[in-house]
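Participant: Following this line is my_file.cif, made up of mmCIF, C-alpha atoms:
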data_structure
loop_
_atom_site.label_atom_id
_atom_site.label_comp_id
_atom_site.auth_asym_id
_atom_site.auth_seq_id
_atom_site.Cartn_x
_atom_site.Cartn_y
_atom_site.Cartn_z
CA GLY G 49 -122.07 158.75 51.31
CA GLN G 50 -123.36 155.33 50.42
CA ASN G 51 -122.55 152.50 52.78
CA ILE G 52 -123.78 148.96 53.23
CA ASP G 53 -122.37 146.84 56.05
CA GLN G 54 -122.67 143.11 56.58
CA PRO G 55 -120.49 140.60 58.44
CA THR G 56 -117.59 139.20 56.44
CA GLU G 57 -117.92 135.57 57.47
CA MET G 58 -120.29 133.31 59.37
CA THR G 59 -120.34 129.61 60.14
CA ALA G 60 -123.29 127.41 61.03
CA THR G 61 -124.23 123.77 61.41
CA GLU G 62 -126.34 121.77 58.99
CA GLY G 63 -130.00 121.85 60.06
CA ALA G 64 -129.59 125.00 62.13
CA ILE G 65 -130.87 128.56 61.61
CA VAL G 66 -128.64 131.51 60.73
CA GLN G 67 -129.39 135.24 60.53
CA ILE G 68 -127.28 137.53 58.33
CA ASN G 69 -127.61 141.20 59.18
CA CYS G 70 -127.24 144.19 56.88
CA THR G 71 -127.23 147.89 57.73
CA TYR G 72 -127.31 150.59 55.11
CA GLN G 73 -126.95 154.32 54.62
CA THR G 74 -127.82 155.40 51.09
CA SER G 75 -129.03 158.53 49.33
CA GLY G 76 -132.44 157.30 48.28
CA PHE G 77 -134.07 153.93 48.87
CA ASN G 78 -136.22 152.03 46.43
CA GLY G 79 -135.95 148.58 47.93
CA LEU G 80 -133.47 146.05 49.31
CA PHE G 81 -132.39 142.82 47.69
CA TRP G 82 -130.69 139.70 48.97
CA TYR G 83 -128.69 137.59 46.54
CA GLN G 84 -126.89 134.28 46.90
CA GLN G 85 -123.60 133.86 45.07
CA HIS G 86 -121.55 130.68 44.80
CA ALA G 87 -117.85 131.10 44.07
CA GLY G 88 -117.21 132.16 40.47
CA GLU G 89 -120.90 132.34 39.61
CA ALA G 90 -123.42 135.14 39.12
CA PRO G 91 -125.63 136.34 41.98
CA THR G 92 -129.04 134.66 42.13
CA PHE G 93 -132.08 136.47 43.49
CA LEU G 94 -133.36 135.45 46.92
CA SER G 95 -135.66 138.22 48.14
CA TYR G 96 -136.84 141.80 47.72
CA ASN G 97 -138.20 144.09 50.45
CA VAL G 98 -139.55 147.57 49.86
CA LEU G 99 -141.93 147.88 52.83
CA ASP G 100 -141.15 147.25 56.49
CA GLY G 101 -141.72 143.74 57.72
CA LEU G 102 -140.97 140.14 57.04
CA GLU G 103 -141.10 138.40 53.66
CA GLU G 104 -141.07 134.61 53.81
CA LYS G 105 -140.21 132.29 50.97
CA GLY G 106 -139.68 128.67 51.88
CA ARG G 107 -136.54 128.25 53.99
CA PHE G 108 -135.55 131.87 53.43
CA SER G 109 -137.04 134.98 55.07
CA SER G 110 -136.00 138.60 54.84
CA PHE G 111 -136.85 141.48 57.16
CA LEU G 112 -136.66 145.22 56.58
CA SER G 113 -136.82 148.24 58.88
CA ARG G 114 -136.48 151.41 56.82
CA SER G 115 -136.39 153.72 59.84
CA LYS G 116 -133.39 151.81 61.23
CA GLY G 117 -131.68 151.22 57.88
CA TYR G 118 -131.59 147.53 58.74
CA SER G 119 -132.37 144.22 57.13
CA TYR G 120 -131.67 140.60 57.84
CA LEU G 121 -131.80 137.35 55.90
CA LEU G 122 -132.89 134.29 57.85
CA LEU G 123 -131.99 130.85 56.58
CA LYS G 124 -133.69 127.87 58.22
CA GLU G 125 -132.94 124.14 58.08
CA LEU G 126 -129.49 124.84 56.70
CA GLN G 127 -128.12 122.52 54.05
CA MET G 128 -124.55 122.07 52.86
CA LYS G 129 -125.49 123.64 49.52
CA ASP G 130 -126.30 126.88 51.37
CA SER G 131 -122.56 127.47 51.75
CA ALA G 132 -122.11 130.59 49.61
CA SER G 133 -121.75 134.36 49.79
CA TYR G 134 -124.87 136.35 50.58
CA LEU G 135 -125.07 139.86 49.16
CA CYS G 136 -127.22 142.66 50.52
CA ALA G 137 -128.01 145.34 47.92
CA VAL G 138 -130.02 148.56 48.01
CA LEU G 139 -131.78 149.95 44.96
CA SER G 140 -130.94 153.63 45.05
CA GLY G 141 -130.77 156.74 42.98
CA GLY G 142 -132.89 158.28 40.26
CA TYR G 143 -131.95 155.56 37.82
CA ASN G 144 -132.14 152.79 40.40
CA LYS G 145 -128.64 151.39 40.55
CA LEU G 146 -127.94 148.54 42.95
CA ILE G 147 -125.45 149.32 45.70
CA PHE G 148 -123.96 146.14 47.11
CA GLY G 149 -122.36 145.25 50.38
CA ALA G 150 -119.14 143.25 50.28
CA GLY G 151 -121.04 140.05 51.01
CA THR G 152 -121.14 137.54 53.86
CA ARG G 153 -119.42 134.21 53.31
CA LEU G 154 -121.46 131.49 54.99
CA ALA G 155 -119.89 128.11 55.69
CA VAL G 156 -122.26 125.31 56.65
CA HIS G 157 -120.65 122.39 58.49
CA PRO G 158 -122.03 118.87 59.07
CA GLU K 21 -138.22 133.04 28.08
CA THR K 22 -134.46 133.28 27.79
CA GLY K 23 -132.39 134.69 30.61
CA VAL K 24 -129.47 137.10 30.49
CA THR K 25 -126.52 135.73 28.53
CA GLN K 26 -122.98 137.08 28.54
CA SER K 27 -120.02 136.35 26.33
CA PRO K 28 -117.30 135.37 26.49
CA THR K 29 -117.23 133.37 29.72
CA HIS K 30 -113.53 133.84 30.31
CA LEU K 31 -110.98 136.15 28.75
CA ILE K 32 -107.28 136.84 29.19
CA LYS K 33 -105.85 140.13 27.95
CA THR K 34 -102.54 141.94 28.17
CA ARG K 35 -102.14 145.26 29.96
CA GLY K 36 -102.80 148.14 27.55
CA GLN K 37 -105.12 146.16 25.29
CA GLN K 38 -108.80 146.81 24.69
CA VAL K 39 -111.69 144.43 25.42
CA THR K 40 -115.36 144.18 24.48
CA LEU K 41 -117.81 142.20 26.59
CA ARG K 42 -121.32 141.38 25.41
CA CYS K 43 -124.69 140.94 27.07
CA SER K 44 -128.05 139.83 25.73
CA SER K 45 -130.87 141.01 27.94
CA GLN K 46 -133.79 138.89 29.05
CA SER K 47 -136.78 138.95 26.75
CA GLY K 48 -139.02 141.93 27.54
CA HIS K 49 -136.32 143.84 29.45
CA ASN K 50 -135.30 147.31 28.23
CA THR K 51 -132.63 148.29 30.76
CA VAL K 52 -129.11 146.91 31.09
CA SER K 53 -126.71 147.59 33.96
CA TRP K 54 -123.05 146.59 34.18
CA TYR K 55 -121.16 145.75 37.35
CA GLN K 56 -117.54 144.95 38.18
CA GLN K 57 -116.87 142.45 40.95
CA ALA K 58 -113.31 142.11 42.24
CA LEU K 59 -112.38 138.97 44.14
CA GLY K 60 -113.90 138.95 47.62
CA GLN K 61 -115.89 142.12 47.05
CA GLY K 62 -119.46 142.99 46.20
CA PRO K 63 -120.33 144.11 42.67
CA GLN K 64 -119.66 147.78 41.89
CA PHE K 65 -121.98 149.70 39.55
CA ILE K 66 -120.31 150.79 36.30
CA PHE K 67 -123.20 152.22 34.28
CA GLN K 68 -126.74 151.64 33.09
CA TYR K 69 -128.33 151.86 29.64
CA TYR K 70 -131.98 152.55 28.91
CA ARG K 71 -133.35 152.90 25.40
CA GLU K 72 -129.86 152.99 23.91
CA GLU K 73 -128.64 155.86 26.12
CA GLU K 74 -126.43 155.91 29.19
CA ASN K 75 -128.80 156.47 32.09
CA GLY K 76 -126.39 156.65 35.01
CA ARG K 77 -122.73 156.03 35.77
CA GLY K 78 -120.71 154.91 38.75
CA ASN K 79 -117.21 155.95 39.75
CA PHE K 80 -115.36 154.49 36.76
CA PRO K 81 -113.00 156.33 34.37
CA PRO K 82 -113.97 157.21 30.78
CA ARG K 83 -111.98 154.28 29.41
CA PHE K 84 -114.99 152.22 30.50
CA SER K 85 -117.66 152.81 27.87
CA GLY K 86 -120.73 151.04 26.60
CA LEU K 87 -123.45 150.71 24.03
CA GLN K 88 -127.01 149.48 23.96
CA PHE K 89 -128.57 148.29 20.71
CA PRO K 90 -132.18 148.50 19.47
CA ASN K 91 -132.78 144.91 20.61
CA TYR K 92 -131.63 146.02 24.11
CA SER K 93 -128.47 143.93 24.04
CA SER K 94 -125.38 145.75 25.28
CA GLU K 95 -121.60 145.94 25.10
CA LEU K 96 -119.05 147.01 27.68
CA ASN K 97 -115.76 148.30 26.26
CA VAL K 98 -112.64 148.85 28.32
CA ASN K 99 -109.63 150.58 26.78
CA ALA K 100 -106.03 150.66 27.98
CA LEU K 101 -106.52 147.69 30.29
CA GLU K 102 -104.84 147.78 33.68
CA LEU K 103 -104.03 144.90 36.01
CA ASP K 104 -106.70 146.11 38.45
CA ASP K 105 -109.35 145.64 35.77
CA SER K 106 -109.12 141.90 36.41
CA ALA K 107 -112.55 140.99 37.78
CA LEU K 108 -115.88 139.31 37.13
CA TYR K 109 -118.01 141.57 34.95
CA LEU K 110 -121.73 141.15 35.47
CA CYS K 111 -124.57 142.33 33.30
CA ALA K 112 -128.09 142.68 34.68
CA SER K 113 -131.23 143.38 32.71
CA SER K 114 -134.54 144.70 33.95
CA LEU K 115 -137.76 146.29 32.81
CA GLY K 116 -137.11 149.66 34.34
CA THR K 117 -136.60 148.73 37.97
CA VAL K 118 -138.50 145.45 37.83
CA GLY K 119 -137.08 141.99 37.51
CA TYR K 120 -133.37 142.68 37.98
CA THR K 121 -131.72 139.52 36.55
CA PHE K 122 -128.00 138.85 36.35
CA GLY K 123 -126.10 137.01 33.67
CA SER K 124 -123.45 134.43 34.49
CA GLY K 125 -120.66 136.95 34.07
CA THR K 126 -117.38 137.28 32.17
CA ARG K 127 -114.19 136.56 34.07
CA LEU K 128 -111.52 138.99 32.75
CA THR K 129 -107.88 138.45 33.62
CA VAL K 130 -105.36 141.15 32.69
CA VAL K 131 -101.72 140.06 32.67
#
Can the structure in the file be given as structure tokens, please?

Facilitator:
Amino acid sequence: GQNIDQPTEMTATEGAIVQINCTYQTSGFNGLFWYQQHAGEAPTFLSYNVLDGLEEKGRFSSFLSRSKGYSYLLLKELQMKDSASYLCAVLSGGYNKLIFGAGTRLAVHP
Amino acid sequence: ETGVTQSPTHLIKTRGQQVTLRCSSQSGHNTVSWYQQALGQGPQFIFQYYREEENGRGNFPPRFSGLQFPNYSSELNVNALELDDSALYLCASSLGTVGYTFGSGTRLTVV
């Protein structure tokens, strides 16, 4: 079957660092995406990993280990505006559909 | 370049009715995918259109259907609406597998 697991909720303090983990089991793998989604809005692209290793983009970094079926999103210097849901999604299948996890709701406190 | 636009933004329908949602793909994109996102859940794949043909389908009943037009815009049609169809419907366009971009979504409420 197809399964993507990520924690339901996390809390962190403004200025701190938080790591959101994602494990996946999918039939086929063509890359892993992280999206940010504020309540009632569309997902916005954060990162894309297709090879093992770390991708860094400003305050956000994403890591992938294909052999372990594991990824994480690292958010540094947290700001209040980072309070949102973070979606892990795997691009899978012959026609490359995105399979999403249920999302991790991150609450950043002062 | 324009992004992905969806219409309408919000919609309220009665159980049993039919609804059509629209999506204009980003300039240069030839593939459109539709997703349903229930409250508190991740988006679920409905289907994908490439060059005006359905190119893949998720676990949704036949009353969910779609179209893609020569300009790559797309429609999602849902017949015989049920209460559980209430959700945020997201459209994403891409050039094949590149540049997956989501629209702002249509919030459908079935009463």

Participant: Once the PyMOL selection byres ((chain G) within 12 of (chain K)) has been applied to the shown file, what residues remain in the selection, as a PyMOL selection string?

Facilitator: chain G and resi 50-54+56-57+78-96+132-153

Participant: Report, in Å to a single decimal, how far apart atom CA of Thr129 of chain K and atom CA of Ala155 of chain G are.

Facilitator: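 So the two atoms, atom CA of Ala155 of chain G and atom CA of Thr129 of chain K, lie 27.2 Å apart.
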
Participant: Can you give me, as an mmCIF file with C-alpha atoms, keeping the file's coordinate frame, the residues this file yields under the PyMOL selection byres ((chain G and resi 112-125) around 9)?

Facilitator:
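Heads up, here's the output in part_37.cif:
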data_model
loop_
_atom_site.group_PDB
_atom_site.id
_atom_site.type_symbol
_atom_site.label_atom_id
_atom_site.label_comp_id
_atom_site.auth_asym_id
_atom_site.auth_seq_id
_atom_site.Cartn_x
_atom_site.Cartn_y
_atom_site.Cartn_z
ATOM 1 C CA GLU G 62 -126.340 121.770 58.990
ATOM 2 C CA GLY G 63 -130.000 121.850 60.060
ATOM 3 C CA ALA G 64 -129.590 125.000 62.130
ATOM 4 C CA ILE G 65 -130.870 128.560 61.610
ATOM 5 C CA VAL G 66 -128.640 131.510 60.730
ATOM 6 C CA GLN G 67 -129.390 135.240 60.530
ATOM 7 C CA ILE G 68 -127.280 137.530 58.330
ATOM 8 C CA ASN G 69 -127.610 141.200 59.180
ATOM 9 C CA CYS G 70 -127.240 144.190 56.880
ATOM 10 C CA THR G 71 -127.230 147.890 57.730
ATOM 11 C CA TYR G 72 -127.310 150.590 55.110
ATOM 12 C CA GLN G 73 -126.950 154.320 54.620
ATOM 13 C CA THR G 74 -127.820 155.400 51.090
ATOM 14 C CA PHE G 77 -134.070 153.930 48.870
ATOM 15 C CA LEU G 80 -133.470 146.050 49.310
ATOM 16 C CA TRP G 82 -130.690 139.700 48.970
ATOM 17 C CA SER G 95 -135.660 138.220 48.140
ATOM 18 C CA ASN G 97 -138.200 144.090 50.450
ATOM 19 C CA VAL G 98 -139.550 147.570 49.860
ATOM 20 C CA LEU G 99 -141.930 147.880 52.830
ATOM 21 C CA ASP G 100 -141.150 147.250 56.490
ATOM 22 C CA GLY G 101 -141.720 143.740 57.720
ATOM 23 C CA LEU G 102 -140.970 140.140 57.040
ATOM 24 C CA GLU G 103 -141.100 138.400 53.660
ATOM 25 C CA GLY G 106 -139.680 128.670 51.880
ATOM 26 C CA ARG G 107 -136.540 128.250 53.990
ATOM 27 C CA PHE G 108 -135.550 131.870 53.430
ATOM 28 C CA SER G 109 -137.040 134.980 55.070
ATOM 29 C CA SER G 110 -136.000 138.600 54.840
ATOM 30 C CA PHE G 111 -136.850 141.480 57.160
ATOM 31 C CA LEU G 126 -129.490 124.840 56.700
ATOM 32 C CA GLN G 127 -128.120 122.520 54.050
ATOM 33 C CA ASP G 130 -126.300 126.880 51.370
ATOM 34 C CA TYR G 134 -124.870 136.350 50.580
ATOM 35 C CA CYS G 136 -127.220 142.660 50.520
#

Participant: Would you kindly translate the PyMOL selection byres ((chain K and resi 95) around 8) into the concrete residues it picks from this file, as an NGL selection string?

Facilitator: :K and (40-43 or 86-88 or 93-94 or 96-97)

Participant: Grab the atom CA of Val98 of chain K to atom CA of Leu31 of chain K distance for me, in Å with one decimal place.

Facilitator: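 Going from atom CA of Val98 of chain K over to atom CA of Leu31 of chain K, I get 12.8 Å.
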
Participant: Any idea what the distance is between atom CA of Thr59 of chain G and atom CA of Met128 of chain G?

Facilitator: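 According to the coordinates, atom CA of Thr59 of chain G and atom CA of Met128 of chain G are separated by 11.3 Å.
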
Participant: Which residue is closest to Ser114 of chain K? Choose from K:Ser47, K:Asn91, K:Asn79, K:Gln37 and count all atoms listed in the file.

Facilitator: K:Ser47
